[in-house]
file coords25.txt (compact mmCIF, C-alpha atoms)
# COMPACT_ATOMS: atom_id res chain seq x y z
CA MET A 1 23.07 48.59 41.71
CA SER A 2 23.18 51.35 44.34
CA PRO A 3 22.52 50.58 48.04
CA GLU A 4 19.17 52.41 47.82
CA SER A 5 18.16 50.33 44.79
CA LYS A 6 19.09 47.15 46.63
CA LYS A 7 16.89 48.18 49.55
CA GLN A 8 14.04 48.90 47.13
CA MET A 9 14.53 45.48 45.54
CA ASN A 10 14.43 43.86 49.00
CA ILE A 11 11.04 45.48 49.65
CA ILE A 12 9.71 44.25 46.30
CA ILE A 13 10.97 40.69 46.92
CA LEU A 14 9.44 40.81 50.41
CA GLY A 15 6.09 41.87 48.96
CA VAL A 16 6.14 39.27 46.18
CA SER A 17 7.07 36.50 48.64
CA PHE A 18 4.16 37.43 50.90
CA MET A 19 1.89 37.66 47.85
CA PHE A 20 2.59 34.03 46.93
CA MET A 21 2.24 32.81 50.51
CA PHE A 22 -0.98 34.65 51.23
CA THR A 23 -2.52 33.91 47.85
CA ALA A 24 -2.41 30.34 49.11
CA PHE A 25 -3.24 30.98 52.77
CA GLN A 26 -6.11 33.45 52.30
CA THR A 27 -7.66 31.31 49.58
CA CYS A 28 -7.42 28.37 51.95
CA GLY A 29 -9.14 30.39 54.66
CA ASN A 30 -11.93 31.44 52.30
CA ILE A 31 -12.80 27.91 51.19
CA GLU A 32 -11.94 25.68 54.16
CA GLN A 33 -15.43 25.97 55.66
CA THR A 34 -16.99 25.27 52.27
CA VAL A 35 -15.13 21.99 51.76
CA ILE A 36 -15.12 20.85 55.41
CA LYS A 37 -18.43 21.54 57.10
CA SER A 38 -17.30 20.38 60.57
CA PHE A 39 -15.07 23.46 61.03
CA ASN A 40 -16.69 26.73 62.05
CA SER A 41 -15.52 30.33 62.17
CA SER A 42 -14.56 30.13 65.84
CA ASP A 43 -11.75 27.75 64.89
CA MET A 44 -9.93 30.67 63.26
CA SER A 45 -9.69 32.30 66.67
CA ILE A 46 -7.20 29.56 67.64
CA ILE A 47 -4.66 30.97 65.19
CA TYR A 48 -5.07 34.51 66.49
CA ALA A 49 -5.03 33.45 70.15
CA VAL A 50 -1.80 31.45 69.72
CA MET A 51 -0.29 34.21 67.59
CA SER A 52 -1.06 36.74 70.33
CA THR A 53 0.88 34.84 72.98
CA SER A 54 3.70 33.92 70.58
CA ASN A 55 4.37 37.56 69.73
CA VAL A 56 6.07 37.97 73.11
CA LEU A 57 8.84 35.53 72.12
CA ALA A 58 8.91 36.22 68.37
CA PRO A 59 11.62 38.95 68.53
CA SER A 60 13.94 36.51 70.32
CA VAL A 61 13.54 34.02 67.47
CA VAL A 62 14.26 36.74 64.90
CA ALA A 63 17.33 37.84 66.87
CA VAL A 64 18.76 34.31 67.13
CA ILE A 65 18.29 32.99 63.58
CA GLY A 66 17.81 36.27 61.68
CA PRO A 67 14.77 37.66 59.83
CA GLN A 68 15.39 35.73 56.61
CA LEU A 69 15.41 32.25 58.16
CA SER A 70 12.61 33.31 60.52
CA MET A 71 10.36 34.09 57.55
CA PHE A 72 11.39 30.91 55.71
CA PHE A 73 10.64 28.50 58.58
CA SER A 74 7.43 30.38 59.42
CA GLY A 75 6.42 30.05 55.77
CA LEU A 76 6.93 26.30 55.98
CA LEU A 77 4.42 26.20 58.85
CA TYR A 78 1.93 28.09 56.67
CA SER A 79 2.53 25.59 53.86
CA GLY A 80 2.03 22.71 56.28
CA TYR A 81 -1.29 24.17 57.41
CA ILE A 82 -2.51 24.32 53.81
CA ALA A 83 -1.22 20.83 52.99
CA MET A 84 -3.18 19.48 55.96
CA PHE A 85 -6.44 20.04 54.00
CA ILE A 86 -5.38 17.57 51.32
CA TYR A 87 -6.30 14.77 53.76
CA PRO A 88 -7.92 16.62 56.68
CA TYR A 89 -8.47 15.20 60.15
CA THR A 90 -9.72 17.02 63.21
CA TRP A 91 -6.53 16.50 65.22
CA THR A 92 -4.29 17.62 62.36
CA PHE A 93 -6.42 20.74 61.88
CA TYR A 94 -6.07 21.87 65.48
CA THR A 95 -2.38 20.98 65.61
CA ALA A 96 -1.69 22.88 62.39
CA SER A 97 -3.73 25.85 63.67
CA VAL A 98 -1.52 26.11 66.75
CA LEU A 99 1.68 25.80 64.70
CA VAL A 100 0.64 28.39 62.12
CA GLY A 101 -0.27 30.76 64.96
CA ILE A 102 3.30 30.49 66.23
CA GLY A 103 4.66 30.86 62.71
CA ALA A 104 2.52 33.92 62.02
CA ALA A 105 3.91 35.76 65.05
CA VAL A 106 7.49 35.16 63.94
CA LEU A 107 6.71 35.87 60.27
CA TRP A 108 5.17 39.29 60.82
CA THR A 109 7.79 40.31 63.39
CA ALA A 110 10.54 39.47 60.88
CA GLN A 111 8.62 41.27 58.11
CA GLY A 112 8.47 44.46 60.16
CA ASN A 113 12.18 44.19 60.89
CA VAL A 114 13.10 43.76 57.20
CA LEU A 115 10.80 46.63 56.22
CA THR A 116 12.41 48.95 58.76
CA ILE A 117 16.08 48.19 58.07
CA ASN A 118 15.47 48.66 54.35
CA SER A 119 13.81 52.06 54.89
CA THR A 120 14.63 55.54 56.10
CA ASN A 121 12.38 58.13 57.71
CA ASN A 122 11.71 59.47 54.21
CA THR A 123 11.01 56.10 52.54
CA ILE A 124 9.19 54.14 55.27
CA GLY A 125 5.77 55.36 54.07
CA ARG A 126 6.50 54.59 50.43
CA ASN A 127 7.95 51.16 51.23
CA SER A 128 4.99 50.29 53.47
CA GLY A 129 2.67 51.07 50.55
CA ILE A 130 4.72 49.04 48.06
CA PHE A 131 4.76 46.03 50.39
CA TRP A 132 1.04 46.34 51.18
CA SER A 133 0.01 46.61 47.51
CA LEU A 134 2.03 43.55 46.51
CA LEU A 135 0.72 41.57 49.48
CA GLN A 136 -2.91 42.40 48.68
CA PHE A 137 -2.63 41.06 45.13
CA SER A 138 -3.04 37.74 46.97
CA MET A 139 -6.71 38.53 47.59
CA LEU A 140 -7.21 39.22 43.89
CA PHE A 141 -5.50 36.11 42.51
CA GLY A 142 -6.82 33.66 45.09
CA ASN A 143 -10.45 34.70 44.80
CA LEU A 144 -10.30 34.79 40.99
CA TYR A 145 -8.94 31.25 40.96
CA ILE A 146 -11.68 29.90 43.21
CA TYR A 147 -14.43 31.77 41.37
CA PHE A 148 -13.50 30.39 37.95
CA ALA A 149 -12.51 26.92 39.19
CA TRP A 150 -15.63 26.31 41.28
CA HIS A 151 -18.24 28.54 39.65
CA GLY A 152 -21.47 26.60 39.25
CA HIS A 153 -20.32 23.65 41.39
CA VAL A 154 -23.01 22.68 43.86
CA HIS A 155 -20.90 19.95 45.46
CA ILE A 156 -17.12 20.02 45.94
CA THR A 157 -15.69 16.53 45.39
CA ASP A 158 -12.68 15.09 47.22
CA LYS A 159 -10.72 15.19 43.96
CA ASP A 160 -11.49 18.89 43.50
CA ARG A 161 -10.44 19.57 47.08
CA ARG A 162 -7.14 17.70 46.76
CA THR A 163 -6.29 19.41 43.46
CA VAL A 164 -6.90 22.87 44.89
CA PHE A 165 -4.99 22.34 48.14
CA ILE A 166 -2.01 20.68 46.42
CA SER A 167 -1.81 23.70 44.10
CA LEU A 168 -2.07 26.11 47.03
CA THR A 169 0.67 24.26 48.93
CA VAL A 170 3.05 24.57 45.98
CA ILE A 171 2.26 28.29 45.61
CA SER A 172 2.96 28.84 49.32
CA LEU A 173 6.30 27.02 49.08
CA VAL A 174 7.35 29.23 46.17
CA GLY A 175 6.85 32.24 48.42
CA CYS A 176 8.95 30.62 51.17
CA PHE A 177 11.97 30.09 48.93
CA LEU A 178 11.76 33.60 47.50
CA PHE A 179 12.81 34.92 50.93
CA PHE A 180 16.35 33.72 50.17
CA LEU A 181 16.61 36.40 47.47
CA ILE A 182 16.52 39.15 50.12
CA ARG A 183 20.00 40.56 50.74
CA THR A 184 21.47 42.36 53.75
CA PRO A 185 21.08 46.11 53.06
CA GLU A 186 24.17 48.24 52.47
CA THR A 187 24.88 51.88 53.16
CA GLU A 188 26.21 54.38 50.68
CA SER A 189 29.63 54.41 52.37
CA ALA A 190 30.02 50.68 52.88
CA PRO A 191 31.96 49.21 49.96
CA SER A 192 34.66 47.67 52.10
CA GLU A 193 34.65 44.56 54.21
CA VAL A 194 35.17 46.64 57.35
CA SER A 195 32.07 48.76 56.81
CA GLU A 196 30.16 45.65 55.78
CA SER A 197 30.97 44.02 59.10
CA LEU A 198 29.87 47.18 60.90
CA LEU A 199 26.57 46.99 59.01
CA GLU A 200 26.07 43.40 60.08
CA ALA A 201 26.71 44.44 63.67
CA GLU A 202 24.13 47.22 63.32
CA PHE A 203 21.67 44.81 61.73
CA SER A 204 22.18 42.34 64.57
CA GLU A 205 21.73 45.08 67.18
CA SER A 206 18.47 46.23 65.62
CA THR A 207 16.98 42.77 65.94
CA THR A 208 18.40 41.78 69.34
CA THR A 209 16.13 41.32 72.31
CA ARG A 210 16.22 39.32 75.49
CA SER A 211 14.59 35.94 75.49
CA ASP A 212 12.40 36.74 78.52
CA GLY A 213 10.08 38.87 76.41
CA LYS A 214 10.56 42.08 78.46
CA PRO A 215 11.41 44.32 75.46
CA VAL A 216 8.05 43.57 73.82
CA CYS A 217 6.22 44.24 77.07
CA LYS A 218 8.18 47.44 77.67
CA ILE A 219 7.51 48.76 74.17
CA THR A 220 3.82 47.86 74.45
CA VAL A 221 3.46 50.17 77.49
CA THR A 222 5.45 53.09 76.09
CA LYS A 223 3.59 56.35 75.54
CA GLU A 224 3.86 55.97 71.75
CA MET A 225 2.46 52.43 71.65
CA LEU A 226 -0.32 53.20 74.14
CA LEU A 227 -1.48 55.99 71.85
CA LEU A 228 -1.53 53.49 68.99
CA PHE A 229 -3.37 50.82 71.01
CA LEU A 230 -6.88 51.72 69.83
CA PRO A 231 -6.04 52.15 66.11
CA LEU A 232 -4.16 48.83 66.22
CA ALA A 233 -7.09 47.16 67.98
CA TYR A 234 -9.46 48.64 65.41
CA SER A 235 -7.36 47.22 62.57
CA GLY A 236 -7.69 43.78 64.20
CA LEU A 237 -11.46 44.10 64.64
CA GLU A 238 -12.07 45.21 61.07
CA LEU A 239 -9.71 42.51 59.77
CA THR A 240 -12.05 39.92 61.25
CA PHE A 241 -15.06 41.76 59.87
CA TYR A 242 -13.98 42.04 56.23
CA SER A 243 -12.15 38.70 56.05
CA GLY A 244 -14.79 36.57 57.74
CA VAL A 245 -18.01 38.19 58.92
CA TYR A 246 -18.91 40.22 55.83
CA GLY A 247 -18.40 37.34 53.41
CA THR A 248 -20.60 35.16 55.62
CA CYS A 249 -23.29 37.86 55.58
CA ILE A 250 -23.26 38.10 51.79
CA GLY A 251 -23.48 34.33 51.39
CA ALA A 252 -26.40 34.18 53.82
CA MET A 253 -28.56 36.76 52.04
CA THR A 254 -31.11 34.84 49.97
CA GLY A 255 -32.22 38.22 48.61
CA PHE A 256 -29.06 38.21 46.48
CA GLY A 257 -30.35 35.21 44.54
CA GLN A 258 -29.27 31.60 44.12
CA ASP A 259 -25.64 32.57 43.44
CA ALA A 260 -25.22 34.32 46.80
CA LYS A 261 -22.49 31.87 47.83
CA SER A 262 -20.42 32.62 44.73
CA LEU A 263 -20.62 36.33 45.56
CA ILE A 264 -18.25 35.68 48.50
CA GLY A 265 -15.37 35.24 46.06
CA ILE A 266 -16.34 38.32 44.07
CA SER A 267 -16.54 40.31 47.31
CA GLY A 268 -12.99 39.20 48.11
CA ILE A 269 -11.86 40.45 44.69
CA PHE A 270 -13.37 43.90 45.32
CA ILE A 271 -11.74 44.02 48.77
CA GLY A 272 -8.42 43.18 47.13
CA VAL A 273 -8.84 45.91 44.51
CA GLY A 274 -9.49 48.44 47.28
CA GLU A 275 -6.43 47.25 49.20
CA ILE A 276 -4.15 47.44 46.15
CA LEU A 277 -5.43 50.86 45.10
CA GLY A 278 -5.01 52.24 48.62
CA GLY A 279 -1.50 50.87 48.98
CA GLY A 280 -0.54 52.30 45.58
CA ILE A 281 -1.94 55.77 46.17
CA PHE A 282 -0.68 56.24 49.71
CA GLY A 283 2.55 54.30 49.29
CA LEU A 284 3.95 54.64 45.80
CA LEU A 285 2.95 58.31 45.62
CA ASN A 286 4.09 59.06 49.18
CA LYS A 287 7.64 60.11 48.29
CA ASN A 288 7.97 63.27 50.31
CA ASN A 289 5.34 62.58 53.00
CA ARG A 290 4.22 66.18 52.49
CA PHE A 291 0.89 66.00 54.28
CA GLY A 292 1.78 63.45 56.94
CA ARG A 293 -0.18 60.36 57.93
CA ASN A 294 -3.26 61.97 59.53
CA PRO A 295 -5.15 62.76 56.28
CA VAL A 296 -4.73 59.18 55.07
CA VAL A 297 -6.04 57.73 58.34
CA LEU A 298 -8.96 60.18 58.32
CA LEU A 299 -9.81 59.14 54.77
CA GLY A 300 -9.71 55.50 55.90
CA LEU A 301 -12.13 56.24 58.74
CA ILE A 302 -14.57 58.10 56.46
CA THR A 303 -14.38 55.32 53.88
CA HIS A 304 -15.16 52.70 56.51
CA PHE A 305 -18.01 54.72 58.00
CA VAL A 306 -19.64 55.00 54.57
CA ALA A 307 -19.23 51.24 54.10
CA PHE A 308 -20.66 50.45 57.55
CA TYR A 309 -23.70 52.66 56.92
CA LEU A 310 -24.43 51.03 53.56
CA ILE A 311 -23.96 47.55 55.05
CA PHE A 312 -26.39 48.49 57.83
CA LEU A 313 -28.96 49.46 55.19
CA ASN A 314 -28.32 46.53 52.82
CA ILE A 315 -27.64 43.45 54.99
CA ALA A 316 -30.09 41.84 57.42
CA SER A 317 -29.06 42.05 61.07
CA ASP A 318 -29.25 38.27 61.56
CA ALA A 319 -27.04 37.47 58.53
CA PRO A 320 -23.89 36.65 60.59
CA LEU A 321 -25.87 34.08 62.59
CA ALA A 322 -28.01 32.66 59.78
CA PRO A 323 -28.11 28.87 59.18
CA GLU A 324 -26.58 27.33 56.06
CA ALA A 325 -29.86 27.87 54.18
CA GLY A 326 -29.47 31.62 54.68
CA THR A 327 -31.89 34.30 55.86
CA ASP A 328 -35.00 35.69 54.15
CA LYS A 329 -35.01 38.87 56.22
CA GLN A 330 -34.25 42.26 54.74
CA ALA A 331 -32.66 45.34 56.25
CA PHE A 332 -33.85 48.83 55.30
CA ILE A 333 -33.50 48.53 51.53
CA THR A 334 -34.00 45.71 49.03
CA PRO A 335 -30.77 43.66 49.01
CA ASN A 336 -28.57 45.07 46.27
CA VAL A 337 -25.51 43.21 44.94
CA GLY A 338 -23.96 46.40 43.56
CA VAL A 339 -24.12 48.10 46.95
CA ALA A 340 -22.65 45.00 48.60
CA MET A 341 -19.67 44.97 46.20
CA LEU A 342 -19.16 48.73 46.66
CA CYS A 343 -18.95 48.12 50.40
CA SER A 344 -16.35 45.40 49.80
CA PHE A 345 -14.23 47.86 47.83
CA LEU A 346 -14.59 50.54 50.52
CA LEU A 347 -13.66 48.07 53.27
CA GLY A 348 -10.46 47.19 51.41
CA LEU A 349 -9.59 50.81 50.63
CA GLY A 350 -10.09 51.89 54.23
CA ASP A 351 -8.12 48.94 55.57
CA SER A 352 -5.14 49.84 53.37
CA CYS A 353 -5.26 53.43 54.68
CA PHE A 354 -4.99 52.27 58.28
CA ASN A 355 -2.44 49.49 57.84
CA THR A 356 0.04 51.34 55.64
CA GLN A 357 0.09 54.27 58.06
CA LEU A 358 0.34 52.04 61.14
CA MET A 359 3.36 50.23 59.66
CA SER A 360 4.85 53.55 58.64
CA ILE A 361 4.51 55.26 62.01
CA ILE A 362 5.81 52.27 63.97
CA GLY A 363 8.83 51.91 61.69
CA PHE A 364 9.37 55.66 62.11
CA MET A 365 9.02 55.67 65.91
CA PHE A 366 11.05 52.53 66.65
CA PRO A 367 13.86 52.34 64.05
CA ASP A 368 16.27 50.73 66.53
CA ASN A 369 13.73 48.31 68.04
CA SER A 370 11.74 47.32 64.98
CA ALA A 371 11.41 43.60 65.81
CA PRO A 372 9.80 44.00 69.27
CA ALA A 373 7.79 47.03 68.04
CA PHE A 374 6.21 45.08 65.17
CA ALA A 375 5.69 42.12 67.51
CA SER A 376 3.76 44.49 69.78
CA LEU A 377 1.75 45.65 66.75
CA LYS A 378 0.74 42.09 65.88
CA LEU A 379 0.10 41.25 69.53
CA ILE A 380 -2.53 43.98 69.83
CA GLN A 381 -4.03 43.25 66.41
CA CYS A 382 -4.31 39.53 67.06
CA VAL A 383 -5.90 39.87 70.48
CA ALA A 384 -8.51 42.18 68.93
CA ALA A 385 -9.06 39.82 65.98
CA ALA A 386 -9.49 36.82 68.29
CA ILE A 387 -12.03 38.75 70.38
CA ALA A 388 -13.91 39.73 67.20
CA PHE A 389 -14.00 36.12 65.98
CA PHE A 390 -15.44 35.15 69.34
CA TYR A 391 -18.24 37.73 69.50
CA SER A 392 -19.08 37.39 65.79
CA ASN A 393 -20.67 34.02 66.60
CA PHE A 394 -23.46 35.49 68.71
CA LEU A 395 -23.74 39.27 68.11
CA LEU A 396 -26.17 40.58 65.49
CA LEU A 397 -24.72 42.63 62.65
CA HIS A 398 -25.75 46.07 63.91
CA TRP A 399 -24.00 45.50 67.25
CA GLN A 400 -20.82 44.43 65.47
CA LEU A 401 -20.97 47.56 63.31
CA LEU A 402 -21.47 49.74 66.41
CA ILE A 403 -18.32 48.28 68.00
CA LEU A 404 -16.37 49.05 64.83
CA VAL A 405 -17.68 52.62 64.62
CA LEU A 406 -16.83 53.48 68.23
CA THR A 407 -13.39 51.84 68.14
CA GLY A 408 -12.55 53.39 64.77
CA PHE A 409 -13.55 56.90 65.88
CA LEU A 410 -11.60 56.77 69.15
CA GLY A 411 -8.67 55.05 67.44
CA THR A 412 -8.39 57.80 64.84
CA ILE A 413 -8.25 60.47 67.54
CA THR A 414 -5.45 58.67 69.39
CA PHE A 415 -3.59 58.09 66.11
CA PHE A 416 -3.61 61.85 65.54
CA ALA A 417 -2.04 62.28 68.99
CA ALA A 418 0.61 59.65 68.19
CA GLU A 419 1.44 61.36 64.88
CA THR A 420 1.78 64.72 66.65
CA LEU A 421 4.17 63.11 69.14
CA ALA A 422 6.17 61.49 66.32
CA GLU A 423 6.53 64.81 64.48
CA SER A 424 7.56 66.54 67.71
CA ASN A 425 10.26 63.92 68.33
CA ARG A 426 11.46 64.22 64.72
CA ARG A 427 11.82 68.00 65.00
CA GLU A 428 13.67 67.69 68.31
CA SER A 429 16.09 65.18 66.76
CA SER A 430 16.59 67.44 63.75
CA ASP A 431 17.26 70.47 65.95
CA TYR A 432 19.68 68.46 68.06
CA GLY A 433 21.55 67.29 64.97
CA THR A 434 22.17 70.87 63.86
CA ILE A 435 23.78 71.94 67.15
call {"tool": "encode", "arguments": {"input": "coords25.txt", "output": "structure tokens"}}
result
Amino acid sequence: MSPESKKQMNIIILGVSFMFMFTAFQTCGNIEQTVIKSFNSSDMSIIYAVMSTSNVLAPSVVAVIGPQLSMFFSGLLYSGYIAMFIYPYTWTFYTASVLVGIGAAVLWTAQGNVLTINSTNNTIGRNSGIFWSLLQFSMLFGNLYIYFAWHGHVHITDKDRRTVFISLTVISLVGCFLFFLIRTPETESAPSEVSESLLEAEFSESTTTRSDGKPVCKITVTKEMLLLFLPLAYSGLELTFYSGVYGTCIGAMTGFGQDAKSLIGISGIFIGVGEILGGGIFGLLNKNNRFGRNPVVLLGLITHFVAFYLIFLNIASDAPLAPEAGTDKQAFITPNVGVAMLCSFLLGLGDSCFNTQLMSIIGFMFPDNSAPAFASLKLIQCVAAAIAFFYSNFLLLHWQLLILVLTGFLGTITFFAAETLAESNRRESSDYGTI
């Protein structure tokens, strides 16, 4: 197998590992409030708040123990969080939430590092799409499982809960152990032990950072990262919206009929289909990066704006704040399930446009500092997601949509500026290399 093929295989293994882990974790997140009524959506903000602060130290962990072990031990924390729901207690929930927040920071920092060192400037876009598509199959499988396993169940018994969470824990652990199949990438001219040792030195250098957290802070305030601040923040805000708020809104709409709650799982499936399709189109087909990243991001913005407008017309403004019995209010049209599922698909498609291009441009801009750069990415995303979880508990739907529209519009403009800067730097490097 050629070095390039080995790198490609590493990306596929990385994506499959994350698919297993997040099939379990996202399914857990979708059903935890259904099976345990005492937990509310604000509890999820704990994970994002802890993850935000942990991102400062995450590159140091990756540098000390390496990206492979970093992902494995972080995966164990994810598995522990899921296993906690087998016999849930309040204190174990909050403890596990803190631990998984720490694990998430390390996990995603290591993921960005592995993605970058297994990519080149020409393959970073394609590899980002491959990883994203494989990851988002988790939304498809998890929601399908819950829909068919619990369809028609009015009450979830303790036995049902234990069976589901034991299964999810095992699935998550499978993903953890798959990380050990990832191999250190080789170069075309590195068949000997000498060149292999040089590669290991290069790999170590690319992940090294000081333990005081200064590299992350310095990268966060660079011109490139400041230009990406708003698009990264937008990706965090809309993550909270499609993964939490929108499903709650659908389940609260009594106009959708008695099965409104079961539509949450179907909505997740449509979001997953949009994510997978977007990752495939803009990743697998992005071999030559002919048109750059700007058209993909613009398409993502347009897709989201169409979804937001249809949601505004179809979902009552008080749906995010409705009691468990739901809301009888209507928006501007009669509640339509087909429109709601179309919006789910558009939310997923637009999200894949933004995230694949954000991973691509950061891997392109910071090839020698990928660990702190991706830690900075997750830092900004998680702060935004935590803020969104906070305000989603008291803001009406139309105000939440307005925040998304404004942030998305401004974020797209600054992304265009960042892409222009990246292309300028690439041309300067190319010209310098020909001297």
call {"tool": "residues_near_point", "arguments": {"input": "coords25.txt", "point": "(-9.4, 39.8, 65.7)", "cutoff": "9 Å", "atoms": "all atoms listed in the file", "output": "list in words"}}
result
Ser45, Tyr48, Ala49, Ala233, Tyr234, Ser235, Gly236, Leu237, Glu238, Leu239, Thr240, Phe241, Gln381, Cys382, Val383, Ala384, Ala385, Ala386, Ile387, Ala388, Phe389 and Phe390 of chain A
call {"tool": "closest_residue", "arguments": {"input": "coords25.txt", "among": "A:Met359, A:Leu226, A:Leu404, A:Ile13", "to": "Thr123 in chain A", "atoms": "all atoms listed in the file"}}
result
A:Met359
call {"tool": "atom_distance", "arguments": {"input": "coords25.txt", "atom1": "CA of Ile413 in chain A", "atom2": "CA of Leu313 in chain A"}}
result
26.5 Å
call {"tool": "residues_around", "arguments": {"input": "coords25.txt", "residues": "Cys353 in chain A", "least_positions_apart": "5", "cutoff": "12 Å", "atoms": "only C-alpha atoms", "output": "ChimeraX atom specification"}}
result
/A:125,128-129,132-133,231,235,274-283,293-304,346-348,358-360,412
call {"tool": "closest_residue", "arguments": {"input": "coords25.txt", "among": "A:Leu230, A:Ala316, A:Ile117, A:Leu168", "to": "Pro367 in chain A", "atoms": "all atoms listed in the file"}}
result
A:Ile117
call {"tool": "atom_distance", "arguments": {"input": "coords25.txt", "atom1": "CA of Arg126 in chain A", "atom2": "CA of Leu377 in chain A"}}
result
19.2 Å
call {"tool": "residues_around", "arguments": {"input": "coords25.txt", "residues": "Ser74 in chain A", "least_positions_apart": "6", "cutoff": "7 Å", "atoms": "all atoms listed in the file", "output": "ChimeraX atom specification"}}
result
/A:103-104,106-107
call {"tool": "residues_near_point", "arguments": {"input": "coords25.txt", "point": "(-22.2, 44.4, 47.9)", "cutoff": "10 Å", "atoms": "all atoms listed in the file", "output": "ChimeraX atom specification"}}
result
/A:246-247,250,256,263-264,266-267,270,307,310-311,314-315,335-345
call {"tool": "write_last_selection", "arguments": {"input": "coords25.txt", "atoms": "C-alpha atoms", "output": "mmCIF file, keeping the file's coordinate frame"}}
result
data_model
loop_
_atom_site.group_PDB
_atom_site.id
_atom_site.type_symbol
_atom_site.label_atom_id
_atom_site.label_comp_id
_atom_site.auth_asym_id
_atom_site.auth_seq_id
_atom_site.Cartn_x
_atom_site.Cartn_y
_atom_site.Cartn_z
ATOM 1 C CA TYR A 246 -18.910 40.220 55.830
ATOM 2 C CA GLY A 247 -18.400 37.340 53.410
ATOM 3 C CA ILE A 250 -23.260 38.100 51.790
ATOM 4 C CA PHE A 256 -29.060 38.210 46.480
ATOM 5 C CA LEU A 263 -20.620 36.330 45.560
ATOM 6 C CA ILE A 264 -18.250 35.680 48.500
ATOM 7 C CA ILE A 266 -16.340 38.320 44.070
ATOM 8 C CA SER A 267 -16.540 40.310 47.310
ATOM 9 C CA PHE A 270 -13.370 43.900 45.320
ATOM 10 C CA ALA A 307 -19.230 51.240 54.100
ATOM 11 C CA LEU A 310 -24.430 51.030 53.560
ATOM 12 C CA ILE A 311 -23.960 47.550 55.050
ATOM 13 C CA ASN A 314 -28.320 46.530 52.820
ATOM 14 C CA ILE A 315 -27.640 43.450 54.990
ATOM 15 C CA PRO A 335 -30.770 43.660 49.010
ATOM 16 C CA ASN A 336 -28.570 45.070 46.270
ATOM 17 C CA VAL A 337 -25.510 43.210 44.940
ATOM 18 C CA GLY A 338 -23.960 46.400 43.560
ATOM 19 C CA VAL A 339 -24.120 48.100 46.950
ATOM 20 C CA ALA A 340 -22.650 45.000 48.600
ATOM 21 C CA MET A 341 -19.670 44.970 46.200
ATOM 22 C CA LEU A 342 -19.160 48.730 46.660
ATOM 23 C CA CYS A 343 -18.950 48.120 50.400
ATOM 24 C CA SER A 344 -16.350 45.400 49.800
ATOM 25 C CA PHE A 345 -14.230 47.860 47.830
#
call {"tool": "closest_residue", "arguments": {"input": "coords25.txt", "among": "A:Thr414, A:Ser172, A:Gln26, A:Thr334", "to": "Thr254 in chain A", "atoms": "only C-alpha atoms"}}
result
A:Thr334
call {"tool": "closest_residue", "arguments": {"input": "coords25.txt", "among": "A:Leu140, A:Val50, A:Leu76, A:Ala252", "to": "Gln330 in chain A", "atoms": "all atoms listed in the file"}}
result
A:Ala252
call {"tool": "axis_aligned_box", "arguments": {"input": "coords25.txt", "around": "range 3-22 of chain A", "padding_each_side": "6 Å", "output": "lines of an AutoDock Vina configuration file"}}
result
center_x = 10.8
center_y = 42.6
center_z = 48.0
size_x = 35.5
size_y = 31.6
size_z = 18.4
call {"tool": "atom_distance", "arguments": {"input": "coords25.txt", "atom1": "CA of Ile166 in chain A", "atom2": "CA of Phe141 in chain A"}}
result
16.3 Å
call {"tool": "closest_residue", "arguments": {"input": "coords25.txt", "among": "A:Gly408, A:Pro88, A:Gly363, A:Gly80", "to": "Arg161 in chain A", "atoms": "all atoms listed in the file"}}
result
A:Pro88
